[in-house]
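Dumped data_14.txt below, it's compact mmCIF, C-alpha atoms:
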```
# COMPACT_ATOMS: atom_id res chain seq x y z
CA MET A 1 -32.44 -9.38 -32.68
CA SER A 2 -31.21 -9.76 -29.12
CA ASN A 3 -32.20 -12.58 -26.82
CA GLN A 4 -31.52 -10.33 -23.89
CA PRO A 5 -34.56 -9.54 -21.78
CA PRO A 6 -35.60 -5.92 -22.27
CA GLU A 7 -35.15 -5.13 -18.58
CA TRP A 8 -31.45 -5.97 -18.94
CA SER A 9 -30.87 -3.23 -21.41
CA GLU A 10 -27.38 -1.68 -21.33
CA GLU A 11 -28.94 1.72 -21.90
CA PRO A 12 -29.18 3.90 -18.83
CA GLY A 13 -32.64 4.71 -17.64
CA ASP A 14 -34.01 8.21 -17.57
CA ASP A 15 -34.61 8.23 -13.85
CA GLY A 16 -32.04 10.89 -13.02
CA LEU A 17 -29.80 8.50 -11.08
CA GLU A 18 -26.83 9.12 -13.37
CA ARG A 19 -27.33 12.86 -12.97
CA MET A 20 -27.54 12.54 -9.18
CA PHE A 21 -24.37 10.44 -9.04
CA ALA A 22 -22.62 12.91 -11.33
CA ALA A 23 -23.65 15.80 -9.10
CA GLU A 24 -22.34 13.92 -6.07
CA GLU A 25 -19.04 13.32 -7.86
CA SER A 26 -18.67 16.89 -9.04
CA ALA A 27 -19.07 18.07 -5.44
CA ILE A 28 -15.85 16.29 -4.47
CA ARG A 29 -12.98 18.78 -4.41
CA ASP A 30 -9.38 17.70 -4.71
CA ASN A 31 -8.32 19.47 -1.48
CA GLY A 32 -4.77 18.18 -1.73
CA PHE A 33 -5.75 14.57 -2.43
CA THR A 34 -3.71 14.37 -5.64
CA ALA A 35 -0.69 15.95 -3.98
CA ARG A 36 -0.86 13.44 -1.12
CA VAL A 37 -1.05 10.50 -3.51
CA VAL A 38 1.86 11.77 -5.62
CA GLU A 39 3.83 12.48 -2.44
CA LYS A 40 3.31 8.90 -1.30
CA THR A 41 4.66 7.59 -4.59
CA HIS A 42 7.90 9.35 -3.58
CA SER A 43 7.88 7.92 -0.08
CA GLY A 44 10.13 5.11 0.97
CA VAL A 45 7.82 2.26 0.07
CA GLY A 46 10.51 0.76 -2.15
CA PHE A 47 13.19 1.50 0.42
CA ARG A 48 11.16 -0.09 3.21
CA ARG A 49 10.46 -3.08 1.03
CA THR A 50 14.16 -3.45 0.33
CA ILE A 51 14.92 -3.32 4.05
CA ILE A 52 12.22 -5.84 4.92
CA TYR A 53 13.11 -8.21 2.14
CA GLY A 54 16.79 -7.72 2.87
CA ALA A 55 16.16 -8.89 6.42
CA GLY A 56 14.27 -11.83 4.94
CA MET A 57 17.25 -12.57 2.70
CA ALA A 58 19.62 -12.60 5.64
CA GLY A 59 17.30 -14.86 7.63
CA PHE A 60 16.86 -17.30 4.80
CA GLY A 61 20.59 -17.32 4.14
CA ALA A 62 21.36 -18.07 7.77
CA ALA A 63 18.73 -20.81 7.81
CA ALA A 64 20.11 -22.34 4.62
CA ALA A 65 23.63 -22.29 6.03
CA GLY A 66 22.32 -23.93 9.21
CA ILE A 67 20.67 -26.73 7.26
CA MET A 68 23.91 -27.39 5.40
CA GLU A 69 25.72 -27.57 8.72
CA MET A 70 23.16 -30.04 10.10
CA ALA A 71 23.44 -32.47 7.18
CA PRO A 72 26.07 -34.77 8.71
CA HIS A 73 24.05 -35.07 11.91
CA ILE A 74 20.78 -36.24 10.35
CA PRO A 75 19.96 -39.72 11.80
CA LYS A 76 19.78 -42.73 9.53
CA LEU A 77 16.20 -43.51 8.52
CA THR A 78 14.54 -46.44 6.79
CA GLY A 79 11.74 -46.47 4.24
CA TRP A 80 11.41 -43.98 1.44
CA TRP A 81 13.67 -41.44 3.08
CA PRO A 82 17.03 -43.27 3.28
CA GLY A 83 18.06 -42.41 -0.24
CA ILE A 84 17.86 -38.73 0.45
CA SER A 85 19.12 -39.05 4.01
CA ASN A 86 22.13 -41.13 2.96
CA ALA A 87 22.91 -38.78 0.13
CA LEU A 88 22.90 -35.89 2.54
CA GLN A 89 25.01 -37.70 5.10
CA THR A 90 27.59 -38.97 2.68
CA SER A 91 27.91 -35.66 0.95
CA THR A 92 30.71 -33.48 2.02
CA ALA A 93 29.26 -30.72 4.14
CA PRO A 94 30.13 -27.33 2.73
CA ASP A 95 32.56 -25.36 4.75
CA VAL A 96 30.15 -23.00 6.46
CA SER A 97 33.01 -21.30 8.17
CA ASN A 98 33.95 -19.95 4.76
CA PRO A 99 32.36 -16.48 4.61
CA THR A 100 32.23 -16.54 0.81
CA PHE A 101 30.04 -19.64 0.86
CA VAL A 102 27.69 -18.12 3.45
CA ILE A 103 27.38 -14.89 1.49
CA VAL A 104 26.75 -16.65 -1.82
CA ALA A 105 24.19 -18.99 -0.23
CA ALA A 106 22.43 -16.09 1.48
CA LEU A 107 22.29 -14.09 -1.74
CA ALA A 108 21.01 -17.00 -3.81
CA VAL A 109 18.25 -17.97 -1.38
CA GLY A 110 17.46 -14.36 -0.65
CA ALA A 111 17.22 -13.39 -4.31
CA THR A 112 14.74 -16.22 -4.87
CA PHE A 113 12.70 -15.10 -1.87
CA LEU A 114 12.79 -11.48 -3.04
CA ALA A 115 11.64 -12.43 -6.55
CA LEU A 116 8.76 -14.51 -5.17
CA ALA A 117 7.71 -11.77 -2.74
CA MET A 118 7.77 -9.08 -5.43
CA ALA A 119 5.86 -11.28 -7.86
CA SER A 120 3.19 -11.91 -5.24
CA GLN A 121 2.91 -8.15 -4.61
CA GLU A 122 2.36 -7.48 -8.29
CA ARG A 123 -0.76 -9.65 -8.37
CA MET B 1 10.59 7.65 -13.49
CA ALA B 2 10.05 11.39 -12.89
CA GLY B 3 8.07 11.58 -16.13
CA ASP B 4 6.03 8.56 -15.10
CA ARG B 5 5.23 10.21 -11.79
CA LYS B 6 4.20 13.46 -13.42
CA ALA B 7 1.94 11.68 -15.89
CA PHE B 8 0.50 9.58 -13.08
CA GLY B 9 -0.18 12.74 -11.07
CA GLN B 10 -2.15 14.13 -14.00
CA LEU B 11 -4.20 10.94 -14.19
CA VAL B 12 -4.88 11.06 -10.45
CA ALA B 13 -5.98 14.70 -10.70
CA ARG B 14 -8.32 13.85 -13.58
CA HIS B 15 -9.91 10.79 -11.99
CA GLN B 16 -9.68 11.39 -8.25
CA ALA B 17 -13.25 12.61 -7.92
CA SER B 18 -14.78 9.59 -9.63
CA ILE B 19 -12.61 7.08 -7.78
CA ARG B 20 -13.25 8.79 -4.44
CA ALA B 21 -16.96 8.91 -5.17
CA LEU B 22 -16.95 5.19 -5.94
CA ALA B 23 -14.96 4.36 -2.81
CA ARG B 24 -17.19 6.54 -0.63
CA ARG B 25 -20.29 4.80 -2.01
CA LEU B 26 -18.81 1.39 -1.35
CA ALA B 27 -17.56 2.23 2.14
CA ARG B 28 -20.52 4.50 2.96
CA SER B 29 -18.04 6.84 4.57
CA ALA B 30 -16.14 9.80 3.15
CA THR B 31 -13.11 9.21 5.35
CA ASP B 32 -12.82 5.49 4.70
CA GLY B 33 -13.67 6.03 1.05
CA ASP B 34 -10.83 8.51 0.60
CA ASP B 35 -8.42 6.10 2.31
CA ILE B 36 -9.52 3.34 -0.06
CA ALA B 37 -9.20 5.64 -3.08
CA GLN B 38 -5.70 6.64 -2.02
CA ALA B 39 -4.71 3.00 -1.53
CA ALA B 40 -6.16 2.18 -4.95
CA PHE B 41 -4.13 4.90 -6.69
CA LEU B 42 -0.95 3.84 -4.90
CA SER B 43 -1.61 0.23 -5.82
CA ALA B 44 -2.14 1.33 -9.42
CA TRP B 45 1.18 3.20 -9.28
CA ARG B 46 3.03 0.14 -8.00
CA ARG B 47 1.38 -2.10 -10.57
CA ARG B 48 1.52 0.36 -13.47
CA SER B 49 3.59 -2.08 -15.52
CA THR B 50 0.61 -4.47 -15.53
CA TRP B 51 -1.84 -1.94 -17.00
CA GLN B 52 -2.76 -3.26 -20.42
CA GLY B 53 -4.12 -0.03 -21.82
CA GLY B 54 -7.80 0.70 -22.16
CA SER B 55 -9.68 2.79 -19.64
CA PHE B 56 -7.45 3.97 -16.79
CA ARG B 57 -10.53 4.86 -14.77
CA GLY B 58 -12.04 1.40 -15.25
CA TRP B 59 -8.77 -0.20 -14.22
CA VAL B 60 -8.49 1.90 -11.05
CA CYS B 61 -12.20 1.36 -10.27
CA ALA B 62 -11.55 -2.39 -10.25
CA ILE B 63 -8.52 -1.90 -8.01
CA ALA B 64 -10.58 0.34 -5.70
CA TYR B 65 -13.26 -2.34 -5.41
CA ARG B 66 -10.64 -4.93 -4.44
CA GLU B 67 -9.09 -2.46 -1.96
CA PHE B 68 -12.55 -1.99 -0.47
CA LEU B 69 -12.97 -5.74 -0.01
CA ALA B 70 -9.49 -6.09 1.49
CA THR B 71 -10.02 -3.14 3.84
CA ARG B 72 -13.41 -4.43 4.92
CA LYS B 73 -11.85 -7.74 5.89
CA SER B 74 -9.18 -6.14 8.01
CA GLN B 75 -11.02 -3.35 9.78
CA THR B 76 -14.34 -1.91 10.84
CA PHE B 77 -15.53 1.03 8.81
CA ASN B 78 -16.78 4.24 10.34
CA ALA B 79 -19.91 3.98 8.22
CA GLU B 80 -22.25 4.51 11.13
CA GLU B 81 -20.64 7.86 11.86
CA ASP B 82 -20.87 9.21 8.32
CA ASP B 83 -24.22 7.63 7.58
CA GLN B 84 -26.09 9.79 10.03
CA PRO B 85 -28.22 12.11 7.89
CA GLY B 86 -26.45 15.41 7.57
CA ALA B 87 -23.43 14.22 9.56
CA ALA B 88 -21.05 14.99 6.71
CA GLY B 89 -22.74 18.25 5.85
CA GLU B 90 -24.81 16.62 3.14
CA THR B 91 -28.18 18.04 2.37
CA GLY B 92 -31.04 17.57 -0.07
CA GLU B 93 -30.62 15.35 -3.09
CA ARG B 94 -27.11 14.19 -2.20
CA LEU B 95 -28.27 13.10 1.22
CA ASP B 96 -31.20 11.28 -0.36
CA ILE B 97 -28.95 9.30 -2.70
CA MET B 98 -26.61 8.43 0.19
CA ARG B 99 -29.48 7.15 2.29
CA ALA B 100 -30.97 5.29 -0.65
CA MET B 101 -27.63 3.60 -1.39
CA ALA B 102 -27.44 2.49 2.23
CA SER B 103 -30.70 0.60 1.74
CA LEU B 104 -29.17 -1.67 -0.92
CA ASP B 105 -27.52 -4.94 -0.13
CA GLU B 106 -23.78 -5.21 -0.60
CA HIS B 107 -23.73 -6.66 -4.11
CA GLU B 108 -26.43 -4.33 -5.36
CA ARG B 109 -24.62 -1.32 -3.93
CA ALA B 110 -21.31 -2.34 -5.51
CA ALA B 111 -22.89 -3.09 -8.88
CA VAL B 112 -24.86 0.18 -8.87
CA ALA B 113 -21.80 2.17 -7.76
CA LEU B 114 -19.65 0.65 -10.50
CA CYS B 115 -22.17 0.68 -13.36
CA ILE B 116 -24.45 3.64 -12.71
CA GLY B 117 -22.13 5.71 -10.52
CA SER B 118 -18.81 5.14 -12.28
CA GLY B 119 -20.14 4.36 -15.75
CA LEU B 120 -18.51 0.95 -16.13
CA SER B 121 -20.15 -1.48 -18.49
CA HIS B 122 -21.77 -4.54 -17.00
CA ALA B 123 -18.92 -6.63 -18.37
CA GLU B 124 -16.29 -4.37 -16.79
CA ALA B 125 -18.13 -4.46 -13.47
CA ALA B 126 -18.45 -8.25 -13.66
CA ASP B 127 -14.71 -8.44 -14.23
CA ALA B 128 -13.99 -6.09 -11.32
CA MET B 129 -16.33 -7.96 -8.99
CA ALA B 130 -15.25 -11.39 -10.24
CA ALA B 131 -18.94 -12.20 -10.62
CA PRO B 132 -21.02 -13.64 -13.44
CA LEU B 133 -22.26 -11.07 -15.94
CA GLY B 134 -25.89 -12.11 -15.42
CA SER B 135 -25.60 -11.60 -11.67
CA VAL B 136 -24.18 -8.11 -12.15
CA LYS B 137 -27.00 -7.18 -14.52
CA SER B 138 -29.50 -8.50 -12.01
CA TRP B 139 -27.90 -6.57 -9.12
CA VAL B 140 -27.92 -3.36 -11.14
CA LEU B 141 -31.53 -3.88 -12.13
CA ARG B 142 -32.69 -4.59 -8.58
CA GLY B 143 -30.50 -1.85 -7.13
CA ARG B 144 -31.83 0.73 -9.55
CA ALA B 145 -35.42 -0.23 -8.74
CA LYS B 146 -34.77 0.01 -5.01
CA LEU B 147 -33.05 3.39 -5.41
CA GLN B 148 -35.95 4.75 -7.44
CA LYS B 149 -38.43 3.56 -4.85
CA ALA B 150 -36.42 4.98 -1.95
CA LEU B 151 -35.85 8.32 -3.67
CA VAL B 152 -39.55 8.70 -4.46
CA ALA B 153 -40.33 7.98 -0.80
CA TYR B 154 -37.78 10.55 0.42
CA GLN B 155 -38.97 13.21 -2.02
CA SER B 156 -42.61 12.75 -1.12
CA ALA B 157 -41.88 12.76 2.62
```
Encoding of this model in structure tokens:
Amino acid sequence: MSNQPPEWSEEPGDDGLERMFAAEESAIRDNGFTARVVEKTHSGVGFRRTIIYGAGMAGFGAAAAGIMEMAPHIPKLTGWWPGISNALQTSTAPDVSNPTFVIVAALAVGATFLALAMASQER
Amino acid sequence: MAGDRKAFGQLVARHQASIRALARRLARSATDGDDIAQAAFLSAWRRRSTWQGGSFRGWVCAIAYREFLATRKSQTFNAEEDDQPGAAGETGERLDIMRAMASLDEHERAAVALCIGSGLSHAEAADAMAAPLGSVKSWVLRGRAKLQKALVAYQSA
């Protein structure tokens, strides 16, 4: 025996609404809709995304390289920050003039950004 | 990939009418509804790896509802244009149901469109709308009653 109130029955009523909705639906002709959708699955969505994210990769890589370059110039700070600040300042700054380093840094940061962006699109 | 696309095309052909009908009911506009339906199918194509089986139509209906919400946030629909009686060439019973649907509030219209129009269960509609099951049942119940009342009024007029 169900505790559900009778007016919440899952059974459709016999008021013709389903039939009217079905008639409305059956009046919709394809008229090229399917072809347009399938055509758009061919279109350069993936290509555009690669271009956009590629530009993002380059930007992030350049920014990361810039931060590395700035490390020796960060002012000394007191409080909770000095540990990190000192570590940055005493570390040997990577040779940003080395193109291999810049490329590897750009690819690493960019790949992370790309993965995050694609994961967010999948949701 | 080519096989995927062909199979997907067959699914679109089979379900396009029901998804477009749902989107048109939600948007209250044939043009906007078709745009939403197309966006929903393309979103389904991009996210096909996340489909966990079950009803393809139910899955795309849920995507279409979310596309509707996203589109509504970002733009103004042309509902006023299409909602004019007879503006889209609609006559008789189909015009009556369009006008009656326009009299429902937003939640009622969505719940009715999903459950009565698209045949989703209350649980599936609750999942698609991210709403409590009891609320969806209540919206369907109230929406159905309002539709019946409006349709009787139109038919006796």
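Atom to atom, atom CA of Ser74 of chain B and atom CA of Trp59 of chain B stand 23.0 Å apart.
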Just need the residues of chain B within 8 Å of chain A, counting all atoms listed in the file, so spit them out as a PDB file with C-alpha atoms, keeping the file's coordinate frame.
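As written to disk, part_27.pdb reads:
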```pdb
ATOM      1  CA  ARG B   5       5.230  10.210 -11.790  1.00  0.00           C
ATOM      2  CA  PHE B   8       0.500   9.580 -13.080  1.00  0.00           C
ATOM      3  CA  GLY B   9      -0.180  12.740 -11.070  1.00  0.00           C
ATOM      4  CA  VAL B  12      -4.880  11.060 -10.450  1.00  0.00           C
ATOM      5  CA  ALA B  13      -5.980  14.700 -10.700  1.00  0.00           C
ATOM      6  CA  GLN B  16      -9.680  11.390  -8.250  1.00  0.00           C
ATOM      7  CA  ALA B  17     -13.250  12.610  -7.920  1.00  0.00           C
ATOM      8  CA  SER B  18     -14.780   9.590  -9.630  1.00  0.00           C
ATOM      9  CA  ARG B  20     -13.250   8.790  -4.440  1.00  0.00           C
ATOM     10  CA  ALA B  21     -16.960   8.910  -5.170  1.00  0.00           C
ATOM     11  CA  GLN B  38      -5.700   6.640  -2.020  1.00  0.00           C
ATOM     12  CA  PHE B  41      -4.130   4.900  -6.690  1.00  0.00           C
ATOM     13  CA  LEU B  42      -0.950   3.840  -4.900  1.00  0.00           C
ATOM     14  CA  TRP B  45       1.180   3.200  -9.280  1.00  0.00           C
ATOM     15  CA  ARG B  46       3.030   0.140  -8.000  1.00  0.00           C
ATOM     16  CA  ARG B  47       1.380  -2.100 -10.570  1.00  0.00           C
ATOM     17  CA  GLU B  93     -30.620  15.350  -3.090  1.00  0.00           C
ATOM     18  CA  ARG B  94     -27.110  14.190  -2.200  1.00  0.00           C
ATOM     19  CA  ILE B  97     -28.950   9.300  -2.700  1.00  0.00           C
ATOM     20  CA  ILE B 116     -24.450   3.640 -12.710  1.00  0.00           C
ATOM     21  CA  GLY B 117     -22.130   5.710 -10.520  1.00  0.00           C
ATOM     22  CA  SER B 121     -20.150  -1.480 -18.490  1.00  0.00           C
ATOM     23  CA  HIS B 122     -21.770  -4.540 -17.000  1.00  0.00           C
ATOM     24  CA  LYS B 137     -27.000  -7.180 -14.520  1.00  0.00           C
ATOM     25  CA  SER B 138     -29.500  -8.500 -12.010  1.00  0.00           C
ATOM     26  CA  LEU B 141     -31.530  -3.880 -12.130  1.00  0.00           C
ATOM     27  CA  GLN B 148     -35.950   4.750  -7.440  1.00  0.00           C
TER      28      GLN B 148
END
```
Seminar exercise, completed: The distance between atom CA of Phe68 of chain B and atom CA of Leu26 of chain B is 7.2 Å
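In this comparison, which uses all atoms listed in the file, the residue of B:Ser103, B:Ser135, B:Ser156, B:Thr71 approaching Ala37 of chain B most closely is B:Thr71.
Here atom CA of Gly33 of chain B and atom CA of Glu67 of chain B stand 10.1 Å from one another.
For Ala113 of chain B, the residues within 7 Å (counting all atoms listed in the file, excluding itself and residues fewer than 4 positions away along the chain) are Leu22, Arg25, Arg109, Gly117 and Ser118 of chain B.
You can rank B:Leu120, B:Val140, B:Ala153, B:Leu95 by their closest distance to Ser55 of chain B using all atoms listed in the file, and at the top of that list sits B:Leu120.
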Exercise. Nearest to Ala23 of chain B: which of B:Ala111, B:Ala123, B:Ile36, B:Ala128 is it, counting only C-alpha atoms?
Worked result: B:Ile36
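If all atoms listed in the file are the atoms counted, then among A:Thr112, A:Ala105, A:Asn31, A:Ala117 the closest residue to Ala62 of chain A is A:Ala105.
Among the candidates B:Met98, B:Ala39, B:Val112, B:Met129, the one nearest to Tyr65 of chain B when counting all atoms listed in the file is B:Met129.
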Need the axis-aligned box for segment 18-21 of chain A with 6 Å each side, so what are the centre and edges in Å to one decimal, as JSON?
```
{"center_x": -26.0, "center_y": 11.0, "center_z": -11.2, "size_x": 15.2, "size_y": 15.7, "size_z": 16.3}
```
